[in-house]
file entry_35.cif (mmCIF, C-alpha atoms)
data_work
loop_
_atom_site.label_atom_id
_atom_site.label_comp_id
_atom_site.auth_asym_id
_atom_site.auth_seq_id
_atom_site.Cartn_x
_atom_site.Cartn_y
_atom_site.Cartn_z
CA MET U 1 0.00 0.00 0.00
CA THR U 2 1.33 3.45 -0.93
CA ARG U 3 2.08 5.69 2.03
CA ALA U 4 0.31 9.02 2.23
CA ARG U 5 3.38 10.71 3.70
CA ALA U 6 7.10 10.15 4.22
CA TYR U 7 8.23 10.93 7.77
CA LEU U 8 11.94 11.84 7.64
CA ASP U 9 12.45 13.72 10.90
CA TYR U 10 13.64 10.99 13.28
CA ASN U 11 16.26 13.24 14.90
CA ALA U 12 13.38 15.37 16.18
CA THR U 13 11.52 12.30 17.44
CA ALA U 14 11.16 8.70 16.38
CA PRO U 15 7.69 7.17 16.04
CA VAL U 16 7.01 4.67 18.81
CA ARG U 17 7.47 1.07 17.75
CA PRO U 18 4.36 -1.15 18.04
CA ALA U 19 6.15 -3.49 20.46
CA VAL U 20 7.03 -0.50 22.62
CA ALA U 21 3.43 0.70 22.64
CA ASP U 22 2.35 -2.78 23.73
CA ALA U 23 4.89 -2.75 26.58
CA VAL U 24 3.64 0.66 27.70
CA ALA U 25 0.03 -0.57 27.68
CA ARG U 26 0.95 -3.57 29.84
CA ALA U 27 2.82 -1.35 32.31
CA LEU U 28 -0.16 0.98 32.57
CA MET U 29 -2.11 -1.90 34.08
CA LEU U 30 0.39 -2.44 36.91
CA PRO U 31 -1.32 -0.83 39.93
CA GLY U 32 1.60 -0.66 42.34
CA ASN U 33 4.12 2.04 43.16
CA PRO U 34 7.69 0.77 42.59
CA SER U 35 8.61 2.02 46.08
CA SER U 36 5.91 -0.03 47.83
CA ILE U 37 6.82 -3.34 49.48
CA HIS U 38 3.57 -5.22 48.88
CA GLN U 39 3.06 -7.64 45.99
CA GLU U 40 1.77 -4.99 43.60
CA GLY U 41 4.69 -2.73 44.43
CA ARG U 42 7.19 -5.53 43.93
CA ALA U 43 5.72 -6.28 40.49
CA ALA U 44 6.13 -2.64 39.52
CA ARG U 45 9.68 -2.63 40.89
CA ALA U 46 10.54 -5.74 38.86
CA ALA U 47 9.33 -4.06 35.66
CA LEU U 48 11.31 -0.93 36.53
CA GLU U 49 14.53 -2.84 37.16
CA ALA U 50 14.13 -4.93 34.00
CA ALA U 51 13.95 -1.68 32.01
CA ARG U 52 16.99 -0.34 33.86
CA GLY U 53 18.97 -3.36 32.73
CA GLN U 54 17.83 -2.98 29.13
CA VAL U 55 18.86 0.69 29.01
CA ALA U 56 22.20 -0.10 30.62
CA ALA U 57 22.93 -2.81 28.05
CA LEU U 58 22.36 -0.36 25.20
CA VAL U 59 25.21 1.91 26.34
CA GLY U 60 27.66 -0.52 27.94
CA ALA U 61 26.84 0.33 31.56
CA ARG U 62 25.70 -1.54 34.65
CA PRO U 63 22.05 -1.28 35.72
CA ALA U 64 22.98 0.35 39.04
CA GLN U 65 24.49 3.26 37.12
CA VAL U 66 21.20 4.19 35.40
CA VAL U 67 19.10 6.99 36.91
CA PHE U 68 15.75 7.59 35.22
CA THR U 69 14.66 11.16 34.42
CA SER U 70 11.93 12.92 32.45
CA GLY U 71 14.18 13.21 29.40
CA GLY U 72 17.54 14.28 28.04
CA THR U 73 17.16 17.92 29.05
CA GLU U 74 16.55 17.17 32.73
CA ALA U 75 19.37 14.63 32.71
CA ALA U 76 21.87 17.07 31.21
CA ASN U 77 20.73 19.91 33.48
CA ALA U 78 21.25 17.67 36.51
CA VAL U 79 24.71 16.54 35.45
CA LEU U 80 25.72 20.15 34.75
CA SER U 81 24.09 21.58 37.89
CA GLY U 82 27.41 21.87 39.69
CA ALA U 83 26.61 18.98 42.02
CA LEU U 84 28.40 16.29 40.01
CA GLY U 85 31.77 15.13 41.26
CA ARG U 86 34.08 12.20 41.64
CA ARG U 87 33.86 10.77 45.12
CA GLY U 88 36.65 12.04 47.35
CA GLN U 89 37.66 14.84 44.97
CA PRO U 90 36.68 18.51 44.63
CA LYS U 91 33.72 19.15 42.37
CA PRO U 92 34.49 20.86 39.03
CA THR U 93 34.55 24.63 39.17
CA ARG U 94 34.80 25.19 35.43
CA LEU U 95 32.79 23.89 32.45
CA LEU U 96 34.20 23.40 28.97
CA HIS U 97 31.80 22.55 26.15
CA SER U 98 31.91 22.58 22.37
CA ALA U 99 30.40 25.39 20.33
CA THR U 100 27.86 23.00 18.80
CA GLU U 101 26.26 21.61 21.96
CA HIS U 102 22.50 21.34 22.32
CA PRO U 103 20.88 24.16 24.36
CA CYS U 104 20.27 21.71 27.23
CA VAL U 105 24.05 21.89 27.73
CA ALA U 106 24.97 25.35 26.48
CA ALA U 107 22.08 27.04 28.30
CA GLY U 108 21.04 24.37 30.80
CA HIS U 109 24.09 24.32 33.08
CA ARG U 110 24.31 26.06 36.46
CA PHE U 111 27.93 27.21 36.31
CA PRO U 112 28.70 30.94 36.67
CA ALA U 113 29.10 32.68 33.32
CA ASP U 114 32.78 33.44 33.95
CA ALA U 115 33.44 29.74 34.66
CA VAL U 116 32.16 28.51 31.28
CA GLU U 117 34.24 28.27 28.11
CA GLU U 118 33.06 27.37 24.61
CA LEU U 119 35.50 25.31 22.56
CA PRO U 120 35.76 25.72 18.76
CA VAL U 121 34.92 23.04 16.22
CA THR U 122 36.35 22.23 12.81
CA PRO U 123 34.50 23.16 9.59
CA ASP U 124 33.02 19.64 9.74
CA GLY U 125 31.61 20.30 13.19
CA VAL U 126 34.03 18.11 15.14
CA ILE U 127 35.51 19.33 18.42
CA ASP U 128 38.94 20.93 17.99
CA ILE U 129 40.98 18.49 20.07
CA ARG U 130 44.06 20.70 20.08
CA ALA U 131 42.04 23.60 21.45
CA LEU U 132 40.75 21.35 24.23
CA GLU U 133 44.28 20.19 25.00
CA ARG U 134 45.52 23.77 25.22
CA ARG U 135 42.72 24.82 27.57
CA LEU U 136 43.22 21.84 29.85
CA GLY U 137 46.93 22.64 29.97
CA ALA U 138 46.13 26.20 31.02
CA LEU U 139 43.70 24.91 33.69
CA ALA U 140 46.07 22.39 35.23
CA ASP U 141 45.23 23.49 38.78
CA GLU U 142 41.44 23.52 38.35
CA SER U 143 38.81 20.81 38.50
CA VAL U 144 37.03 20.77 35.15
CA LEU U 145 33.85 19.28 33.69
CA ILE U 146 34.03 18.69 29.93
CA SER U 147 30.73 18.28 28.06
CA ILE U 148 30.95 17.05 24.46
CA HIS U 149 27.96 15.53 22.69
CA ALA U 150 28.40 12.09 21.16
CA ALA U 151 26.86 13.20 17.85
CA ASN U 152 25.39 16.46 16.63
CA ASN U 153 21.63 16.60 16.26
CA GLU U 154 21.71 18.79 13.13
CA THR U 155 24.62 17.49 11.06
CA GLY U 156 25.07 14.00 12.51
CA ALA U 157 28.80 14.62 13.06
CA ILE U 158 30.19 12.02 15.47
CA GLN U 159 32.60 13.35 18.08
CA PRO U 160 35.96 11.72 19.07
CA LEU U 161 34.98 10.89 22.63
CA SER U 162 37.93 8.55 23.18
CA ASP U 163 40.33 11.43 22.45
CA VAL U 164 38.38 13.73 24.77
CA VAL U 165 38.53 11.18 27.61
CA ALA U 166 42.26 10.61 27.05
CA LEU U 167 42.93 14.34 27.49
CA ALA U 168 40.72 14.45 30.59
CA ARG U 169 42.61 11.57 32.18
CA ALA U 170 45.95 13.20 31.37
CA HIS U 171 44.70 16.36 33.10
CA GLY U 172 43.90 14.31 36.20
CA ARG U 173 41.11 16.51 37.56
CA ALA U 174 38.63 16.52 34.72
CA LEU U 175 35.29 14.74 34.33
CA VAL U 176 33.67 14.00 30.96
CA HIS U 177 29.94 14.19 30.27
CA THR U 178 28.45 13.32 26.90
CA ASP U 179 25.00 14.26 25.71
CA ALA U 180 24.35 11.04 23.81
CA VAL U 181 20.73 11.80 22.91
CA GLN U 182 21.28 11.61 19.15
CA ALA U 183 23.79 8.75 19.18
CA VAL U 184 22.06 6.21 21.42
CA GLY U 185 20.40 3.49 19.38
CA LYS U 186 22.05 4.64 16.13
CA VAL U 187 25.73 3.86 16.72
CA ALA U 188 27.52 1.65 19.21
CA LEU U 189 28.30 3.34 22.54
CA ASP U 190 30.19 1.62 25.34
CA MET U 191 30.36 3.94 28.29
CA ALA U 192 32.70 1.70 30.27
CA ALA U 193 35.12 1.16 27.39
CA LEU U 194 35.21 4.87 26.58
CA GLY U 195 35.71 5.85 30.20
CA ILE U 196 32.84 8.36 30.19
CA ASP U 197 31.94 9.73 33.63
CA ALA U 198 28.36 10.75 32.84
CA LEU U 199 26.12 10.01 29.86
CA THR U 200 22.64 11.41 29.24
CA LEU U 201 19.97 10.15 26.84
CA SER U 202 16.33 10.57 25.83
CA GLY U 203 14.01 7.69 25.00
CA HIS U 204 11.95 9.28 22.25
CA LYS U 205 14.97 9.51 19.96
CA PHE U 206 15.09 5.71 19.69
CA ALA U 207 11.36 4.93 19.46
CA ALA U 208 10.39 5.08 23.13
CA PRO U 209 7.65 7.40 24.44
CA LYS U 210 8.33 11.10 24.83
CA GLY U 211 9.01 12.34 28.34
CA VAL U 212 11.49 9.74 29.61
CA GLY U 213 15.28 9.64 29.68
CA ALA U 214 18.22 8.77 31.87
CA MET U 215 21.51 9.94 33.25
CA ILE U 216 24.11 7.22 33.60
CA LEU U 217 26.89 7.85 36.09
CA ALA U 218 30.20 6.01 36.45
CA ASP U 219 30.68 4.07 39.68
CA ASP U 220 32.93 6.68 41.28
CA VAL U 221 30.76 9.66 40.26
CA ALA U 222 27.63 11.00 41.95
CA LEU U 223 25.47 14.08 42.47
CA ASP U 224 25.99 15.33 46.01
CA ALA U 225 22.58 17.04 45.79
CA ALA U 226 19.72 15.67 43.71
CA PHE U 227 18.44 17.98 40.98
CA LEU U 228 14.90 17.05 42.07
CA ARG U 229 14.58 16.44 45.81
CA GLY U 230 11.85 14.56 47.60
CA GLY U 231 11.18 10.98 48.59
CA GLY U 232 14.58 9.53 47.77
CA GLN U 233 13.78 7.52 44.63
CA GLU U 234 16.53 6.50 42.18
CA ARG U 235 19.06 6.16 45.00
CA ARG U 236 18.39 9.81 45.94
CA GLN U 237 19.90 10.93 42.64
CA ARG U 238 16.50 11.89 41.14
CA CYS U 239 13.55 11.99 43.49
CA GLY U 240 9.91 11.60 42.48
CA THR U 241 7.81 8.55 41.65
CA GLU U 242 9.09 7.02 38.44
CA CYS U 243 6.90 7.13 35.32
CA LEU U 244 6.74 3.37 35.05
CA PRO U 245 4.91 2.98 31.69
CA ALA U 246 7.31 5.34 29.89
CA ILE U 247 10.34 3.70 31.52
CA VAL U 248 9.16 0.21 30.56
CA GLY U 249 8.61 1.49 27.01
CA MET U 250 12.15 2.89 26.94
CA GLY U 251 13.48 -0.42 28.15
CA GLU U 252 11.72 -2.27 25.34
CA ALA U 253 12.95 0.27 22.79
CA ALA U 254 16.49 -0.14 24.16
CA ARG U 255 16.24 -3.93 23.88
CA ILE U 256 15.16 -3.74 20.24
CA ALA U 257 17.79 -1.11 19.40
CA THR U 258 20.54 -3.23 20.97
CA GLU U 259 19.59 -6.28 18.92
CA ALA U 260 19.20 -4.37 15.65
CA LEU U 261 22.05 -1.86 16.01
CA VAL U 262 24.54 -3.17 13.46
CA ALA U 263 22.10 -4.28 10.76
CA GLU U 264 19.97 -1.17 11.12
CA GLY U 265 23.02 1.06 10.88
CA VAL U 266 24.02 -0.54 7.59
CA ARG U 267 20.48 -0.30 6.22
CA LEU U 268 20.00 3.34 7.15
CA ALA U 269 23.42 4.37 5.86
CA GLY U 270 22.50 2.81 2.52
CA LEU U 271 19.25 4.77 2.38
CA ARG U 272 20.99 8.00 3.42
CA ASP U 273 23.63 7.54 0.73
CA ARG U 274 20.92 6.94 -1.86
CA LEU U 275 19.22 10.18 -0.84
CA GLU U 276 22.49 12.10 -0.93
CA ALA U 277 23.43 10.75 -4.35
CA GLY U 278 19.98 11.48 -5.76
CA MET U 279 20.02 14.97 -4.30
CA ARG U 280 23.44 15.72 -5.85
CA VAL U 281 22.23 14.57 -9.28
CA ARG U 282 19.28 16.95 -9.06
CA ALA U 283 21.27 19.79 -7.46
CA PRO U 284 25.01 19.48 -8.10
CA GLU U 285 25.60 22.71 -6.20
CA ALA U 286 24.26 21.20 -2.95
CA VAL U 287 26.48 21.52 0.12
CA VAL U 288 26.41 18.60 2.57
CA PHE U 289 27.39 19.61 6.09
CA ALA U 290 29.90 17.50 8.03
CA ALA U 291 30.59 15.53 4.84
CA GLY U 292 34.23 15.07 5.84
CA ALA U 293 33.48 13.71 9.32
CA PRO U 294 32.11 10.40 10.56
CA ARG U 295 28.33 10.86 10.61
CA LEU U 296 25.32 9.14 12.07
CA PRO U 297 24.08 6.60 9.51
CA ASN U 298 20.60 8.14 9.47
CA THR U 299 21.39 11.85 9.06
CA LEU U 300 21.78 14.08 5.99
CA SER U 301 22.13 17.84 6.50
CA PHE U 302 22.47 20.02 3.41
CA ALA U 303 21.74 23.35 1.79
CA ILE U 304 21.14 24.53 -1.77
CA PRO U 305 22.47 28.05 -2.43
CA GLY U 306 19.49 30.36 -2.83
CA LEU U 307 16.96 27.94 -1.32
CA ASP U 308 15.09 29.37 1.68
CA ALA U 309 14.62 26.82 4.47
CA PRO U 310 11.21 27.98 5.81
CA ALA U 311 9.72 28.05 2.31
CA ALA U 312 11.28 24.69 1.48
CA LEU U 313 9.90 23.10 4.67
CA ILE U 314 6.39 24.21 3.74
CA ALA U 315 6.83 22.96 0.18
CA PHE U 316 8.07 19.57 1.38
CA ASP U 317 5.20 19.33 3.84
CA LEU U 318 2.65 20.09 1.13
CA ALA U 319 4.32 17.45 -1.03
CA GLY U 320 3.85 14.87 1.74
CA VAL U 321 7.37 14.82 3.18
CA ALA U 322 8.28 15.74 6.77
CA VAL U 323 11.83 17.07 7.11
CA SER U 324 13.31 19.81 9.28
CA SER U 325 15.72 22.70 9.22
CA GLY U 326 17.73 21.34 12.13
CA SER U 327 16.88 21.18 15.81
CA ALA U 328 13.22 20.79 16.81
CA CYS U 329 13.82 22.48 20.17
CA SER U 330 12.91 26.07 19.30
CA SER U 331 9.15 25.96 19.88
CA GLY U 332 8.43 25.38 16.21
CA LYS U 333 10.49 28.34 15.08
CA VAL U 334 12.98 28.26 12.20
CA ALA U 335 16.02 30.17 13.44
CA ARG U 336 19.58 30.52 12.25
CA SER U 337 21.61 27.49 13.30
CA ALA U 338 24.21 28.11 16.01
CA THR U 339 25.83 24.83 14.97
CA LEU U 340 26.37 25.93 11.38
CA SER U 341 27.58 29.35 12.53
CA ALA U 342 30.18 27.65 14.75
CA MET U 343 31.28 25.59 11.73
CA GLY U 344 31.90 28.80 9.77
CA VAL U 345 29.02 28.32 7.32
CA ALA U 346 28.05 31.58 5.62
CA PRO U 347 24.73 33.00 6.92
CA GLU U 348 23.12 32.99 3.47
CA LEU U 349 23.89 29.28 3.06
CA ALA U 350 23.00 28.37 6.65
CA GLY U 351 19.61 30.04 6.12
CA GLY U 352 18.73 27.31 3.63
CA ALA U 353 19.89 24.34 5.70
CA LEU U 354 17.62 21.29 5.75
CA ARG U 355 17.93 18.01 7.63
CA VAL U 356 16.68 14.59 6.59
CA SER U 357 16.83 11.95 9.31
CA LEU U 358 15.77 8.33 8.92
CA GLY U 359 14.71 5.58 11.29
CA TRP U 360 13.23 2.19 11.95
CA ASN U 361 10.14 2.69 9.76
CA THR U 362 11.91 4.37 6.82
CA VAL U 363 11.79 2.35 3.58
CA ASP U 364 12.85 2.76 -0.05
CA GLU U 365 9.47 4.25 -0.91
CA ASP U 366 10.14 7.12 1.50
CA ALA U 367 13.44 7.85 -0.23
CA SER U 368 11.71 7.94 -3.63
CA CYS U 369 9.02 10.20 -2.20
CA PHE U 370 11.65 12.62 -0.91
CA LEU U 371 13.53 12.77 -4.21
CA ASP U 372 10.32 13.37 -6.17
CA ALA U 373 9.35 16.15 -3.77
CA PHE U 374 12.87 17.56 -3.92
CA GLU U 375 12.53 18.12 -7.66
CA ARG U 376 9.29 20.03 -7.11
CA VAL U 377 10.82 22.11 -4.31
CA LEU U 378 13.70 23.10 -6.58
CA GLN U 379 11.49 24.23 -9.47
CA PRO U 380 10.71 27.77 -8.18
CA LEU U 381 14.39 28.36 -7.40
CA TYR U 382 15.57 27.21 -10.82
CA LYS U 383 12.76 29.10 -12.53
CA ARG U 384 14.03 32.32 -10.95
CA ARG U 385 17.48 31.49 -12.25
CA GLY U 386 16.10 31.01 -15.74
CA TYR U 387 16.64 27.29 -16.26
CA ALA U 388 14.74 24.06 -15.61
CA ALA U 389 15.36 21.75 -12.66
#
call {"tool": "encode", "arguments": {"input": "entry_35.cif", "output": "structure tokens"}}
result
Amino acid sequence: MTRARAYLDYNATAPVRPAVADAVARALMLPGNPSSIHQEGRAARAALEAARGQVAALVGARPAQVVFTSGGTEAANAVLSGALGRRGQPKPTRLLHSATEHPCVAAGHRFPADAVEELPVTPDGVIDIRALERRLGALADESVLISIHAANNETGAIQPLSDVVALARAHGRALVHTDAVQAVGKVALDMAALGIDALTLSGHKFAAPKGVGAMILADDVALDAAFLRGGGQERRQRCGTECLPAIVGMGEAARIATEALVAEGVRLAGLRDRLEAGMRVRAPEAVVFAAGAPRLPNTLSFAIPGLDAPAALIAFDLAGVAVSSGSACSSGKVARSATLSAMGVAPELAGGALRVSLGWNTVDEDASCFLDAFERVLQPLYKRRGYAA
């Protein structure tokens, strides 16, 4: 059956998988509070802990390290609240983050303004490792928290976390947090192998319900004051009764993503490459952002000189294709991309940036639908230039 629309905005949110929806429905029928000791409470607790194990397995952590939150933003805000530290050592007094971090990091921290430094990125949107090394060298006597996302939400550029951790360990008094919201479920992440101190994620990016996430803390790292205080849930690291149905759904989504990670990565990369090749045939002047860096297998970010992003988004939508101009975290507004500005992209080109992101329910037909719509979107632009698309 022909689809009425092609949904190609998975980096904004992934549609919930049917198996996940079923798991949520079953959890909704569990009457107990996970903190209660009676039979109903123990059943709820068992479901909660099973989900904790599934989420931990997805990122190479132990279940005891997983702290459930309402999403990636709360998790990142908590980690960057100033309360995170390695046990027995002074808490970080300075925050270093890349110029392309999500606003939940760049604007969500609680460090004083004069204690925050933004690190440059390369033209492909990858953290400038030498700049980080120089800053750590200059801050040899300070405790530092470094926050570098695992992959960029707009361009898909994958960051060299192993290099970041190596520099942090050489410094001796630096912790590393990664906002892994866009990477989890799309590429392999092993928190233990990488040596990450804190990792944050959001379930709806890998086909779980919206409104659930987690912060995952290394064994020797903790928050000395919970971001949300109350009854002492989640080992007093995040108080408040857990949203059991959403957490169970995230656990199921994590289980499926873990099992399908390699094969799905290959499949989506093939679809993305088909889209990119077809786009270049139709618009040879297209600029693909982060083309020289390792990218998420599902993400294609590009611009056509002279093409206006807001107008193009409307045209794609009318043609039955859902894409975006980048981040979906600006209350529906299309604004100039801070990420592309940090990469040195000219404002007139950045103003036409579009993002196509694929996922578990994307098929060849969706790719064909996009390319057909792309030709129609280009027609007004080429007509103004005096030649046919």
call {"tool": "resolve_selection", "arguments": {"input": "entry_35.cif", "expression": "the PyMOL selection byres ((chain U and resi 117) around 6)", "output": "PyMOL selection string"}}
result
chain U and resi 96+116+118
call {"tool": "closest_atom_pairs", "arguments": {"input": "entry_35.cif", "of": "region 192-251 of chain U", "to": "region 103-107 of chain U", "cutoff": "12 Å", "atoms": "only C-alpha atoms", "output": "JSON lines"}}
result
{"residue": "U:Thr200", "atom": "CA", "partner": "U:Val105", "partner_atom": "CA", "distance": 10.7}
{"residue": "U:Leu201", "atom": "CA", "partner": "U:Cys104", "partner_atom": "CA", "distance": 11.6}
{"residue": "U:Ser202", "atom": "CA", "partner": "U:Cys104", "partner_atom": "CA", "distance": 11.9}
call {"tool": "atom_distance", "arguments": {"input": "entry_35.cif", "atom1": "CA of Ala293 (chain U)", "atom2": "CA of Asp190 (chain U)"}}
result
20.3 Å
call {"tool": "resolve_selection", "arguments": {"input": "entry_35.cif", "expression": "the PyMOL selection byres ((chain U and resi 242-251) around 8)", "output": "ChimeraX atom specification"}}
result
/U:20-21,23-28,34,44,47-48,50-55,68,203-204,207-213,233,240-241,252-255
call {"tool": "atom_distance", "arguments": {"input": "entry_35.cif", "atom1": "CA of Asp372 (chain U)", "atom2": "CA of Arg5 (chain U)"}}
result
12.4 Å
call {"tool": "resolve_selection", "arguments": {"input": "entry_35.cif", "expression": "the PyMOL selection byres ((chain U and resi 370) around 9)", "output": "short mmCIF file (atom, residue, chain, number, x, y, z; two decimals) with C-alpha atoms, in the coordinates of the input"}}
result
data_model
loop_
_atom_site.label_atom_id
_atom_site.label_comp_id
_atom_site.auth_asym_id
_atom_site.auth_seq_id
_atom_site.Cartn_x
_atom_site.Cartn_y
_atom_site.Cartn_z
CA ALA U 6 7.10 10.15 4.22
CA LEU U 8 11.94 11.84 7.64
CA LEU U 275 19.22 10.18 -0.84
CA PHE U 316 8.07 19.57 1.38
CA ALA U 319 4.32 17.45 -1.03
CA GLY U 320 3.85 14.87 1.74
CA VAL U 321 7.37 14.82 3.18
CA ALA U 322 8.28 15.74 6.77
CA GLU U 365 9.47 4.25 -0.91
CA ASP U 366 10.14 7.12 1.50
CA ALA U 367 13.44 7.85 -0.23
CA SER U 368 11.71 7.94 -3.63
CA CYS U 369 9.02 10.20 -2.20
CA LEU U 371 13.53 12.77 -4.21
CA ASP U 372 10.32 13.37 -6.17
CA ALA U 373 9.35 16.15 -3.77
CA PHE U 374 12.87 17.56 -3.92
CA GLU U 375 12.53 18.12 -7.66
#
call {"tool": "atom_distance", "arguments": {"input": "entry_35.cif", "atom1": "CA of Arg110 (chain U)", "atom2": "CA of Ser81 (chain U)"}}
result
4.7 Å
call {"tool": "closest_residue", "arguments": {"input": "entry_35.cif", "among": "U:Ile216, U:Val323, U:Leu223, U:Leu358", "to": "Ala269 (chain U)", "atoms": "only C-alpha atoms"}}
result
U:Leu358
call {"tool": "build_atoms", "arguments": {"input": "entry_35.cif", "residues": "region 276-297 of chain U", "atoms": "N, CA and C atoms", "output": "PDB file, keeping the file's coordinate frame"}}
result
ATOM      1  N   GLU U 276      21.444  11.111  -0.652  1.00  0.00           N
ATOM      2  CA  GLU U 276      22.490  12.100  -0.930  1.00  0.00           C
ATOM      3  C   GLU U 276      22.890  12.061  -2.396  1.00  0.00           C
ATOM      4  N   ALA U 277      23.049  10.860  -2.938  1.00  0.00           N
ATOM      5  CA  ALA U 277      23.430  10.750  -4.350  1.00  0.00           C
ATOM      6  C   ALA U 277      22.338  11.307  -5.256  1.00  0.00           C
ATOM      7  N   GLY U 278      21.078  10.975  -4.955  1.00  0.00           N
ATOM      8  CA  GLY U 278      19.980  11.480  -5.760  1.00  0.00           C
ATOM      9  C   GLY U 278      19.840  12.988  -5.671  1.00  0.00           C
ATOM     10  N   MET U 279      20.081  13.528  -4.488  1.00  0.00           N
ATOM     11  CA  MET U 279      20.020  14.970  -4.300  1.00  0.00           C
ATOM     12  C   MET U 279      21.105  15.664  -5.118  1.00  0.00           C
ATOM     13  N   ARG U 280      22.320  15.111  -5.120  1.00  0.00           N
ATOM     14  CA  ARG U 280      23.440  15.720  -5.850  1.00  0.00           C
ATOM     15  C   ARG U 280      23.203  15.683  -7.366  1.00  0.00           C
ATOM     16  N   VAL U 281      22.554  14.630  -7.850  1.00  0.00           N
ATOM     17  CA  VAL U 281      22.230  14.570  -9.280  1.00  0.00           C
ATOM     18  C   VAL U 281      21.269  15.702  -9.639  1.00  0.00           C
ATOM     19  N   ARG U 282      20.299  15.930  -8.789  1.00  0.00           N
ATOM     20  CA  ARG U 282      19.280  16.950  -9.060  1.00  0.00           C
ATOM     21  C   ARG U 282      19.768  18.360  -8.737  1.00  0.00           C
ATOM     22  N   ALA U 283      20.735  18.469  -7.850  1.00  0.00           N
ATOM     23  CA  ALA U 283      21.270  19.790  -7.460  1.00  0.00           C
ATOM     24  C   ALA U 283      22.765  19.652  -7.209  1.00  0.00           C
ATOM     25  N   PRO U 284      23.560  19.669  -8.259  1.00  0.00           N
ATOM     26  CA  PRO U 284      25.010  19.480  -8.100  1.00  0.00           C
ATOM     27  C   PRO U 284      25.662  20.518  -7.189  1.00  0.00           C
ATOM     28  N   GLU U 285      25.023  21.668  -7.039  1.00  0.00           N
ATOM     29  CA  GLU U 285      25.600  22.710  -6.200  1.00  0.00           C
ATOM     30  C   GLU U 285      25.299  22.516  -4.710  1.00  0.00           C
ATOM     31  N   ALA U 286      24.607  21.451  -4.347  1.00  0.00           N
ATOM     32  CA  ALA U 286      24.260  21.200  -2.950  1.00  0.00           C
ATOM     33  C   ALA U 286      25.503  21.083  -2.081  1.00  0.00           C
ATOM     34  N   VAL U 287      25.405  21.613  -0.871  1.00  0.00           N
ATOM     35  CA  VAL U 287      26.480  21.520   0.120  1.00  0.00           C
ATOM     36  C   VAL U 287      25.999  20.604   1.241  1.00  0.00           C
ATOM     37  N   VAL U 288      26.738  19.533   1.488  1.00  0.00           N
ATOM     38  CA  VAL U 288      26.410  18.600   2.570  1.00  0.00           C
ATOM     39  C   VAL U 288      27.284  18.945   3.773  1.00  0.00           C
ATOM     40  N   PHE U 289      26.656  19.218   4.894  1.00  0.00           N
ATOM     41  CA  PHE U 289      27.390  19.610   6.090  1.00  0.00           C
ATOM     42  C   PHE U 289      27.966  18.394   6.801  1.00  0.00           C
ATOM     43  N   ALA U 290      29.173  18.564   7.332  1.00  0.00           N
ATOM     44  CA  ALA U 290      29.900  17.500   8.030  1.00  0.00           C
ATOM     45  C   ALA U 290      30.235  16.332   7.119  1.00  0.00           C
ATOM     46  N   ALA U 291      30.331  16.605   5.811  1.00  0.00           N
ATOM     47  CA  ALA U 291      30.590  15.530   4.840  1.00  0.00           C
ATOM     48  C   ALA U 291      31.956  14.883   5.055  1.00  0.00           C
ATOM     49  N   GLY U 292      32.892  15.618   5.640  1.00  0.00           N
ATOM     50  CA  GLY U 292      34.230  15.070   5.840  1.00  0.00           C
ATOM     51  C   GLY U 292      34.429  14.410   7.189  1.00  0.00           C
ATOM     52  N   ALA U 293      33.386  14.314   7.986  1.00  0.00           N
ATOM     53  CA  ALA U 293      33.480  13.710   9.320  1.00  0.00           C
ATOM     54  C   ALA U 293      32.680  12.421   9.374  1.00  0.00           C
ATOM     55  N   PRO U 294      33.005  11.540  10.323  1.00  0.00           N
ATOM     56  CA  PRO U 294      32.110  10.400  10.560  1.00  0.00           C
ATOM     57  C   PRO U 294      30.737  10.942  10.940  1.00  0.00           C
ATOM     58  N   ARG U 295      29.675  10.367  10.365  1.00  0.00           N
ATOM     59  CA  ARG U 295      28.330  10.860  10.610  1.00  0.00           C
ATOM     60  C   ARG U 295      27.420   9.728  11.069  1.00  0.00           C
ATOM     61  N   LEU U 296      26.354  10.120  11.749  1.00  0.00           N
ATOM     62  CA  LEU U 296      25.320   9.140  12.070  1.00  0.00           C
ATOM     63  C   LEU U 296      24.799   8.531  10.772  1.00  0.00           C
ATOM     64  N   PRO U 297      24.505   7.241  10.761  1.00  0.00           N
ATOM     65  CA  PRO U 297      24.080   6.600   9.510  1.00  0.00           C
ATOM     66  C   PRO U 297      22.729   7.069   9.005  1.00  0.00           C
TER      67      PRO U 297
END
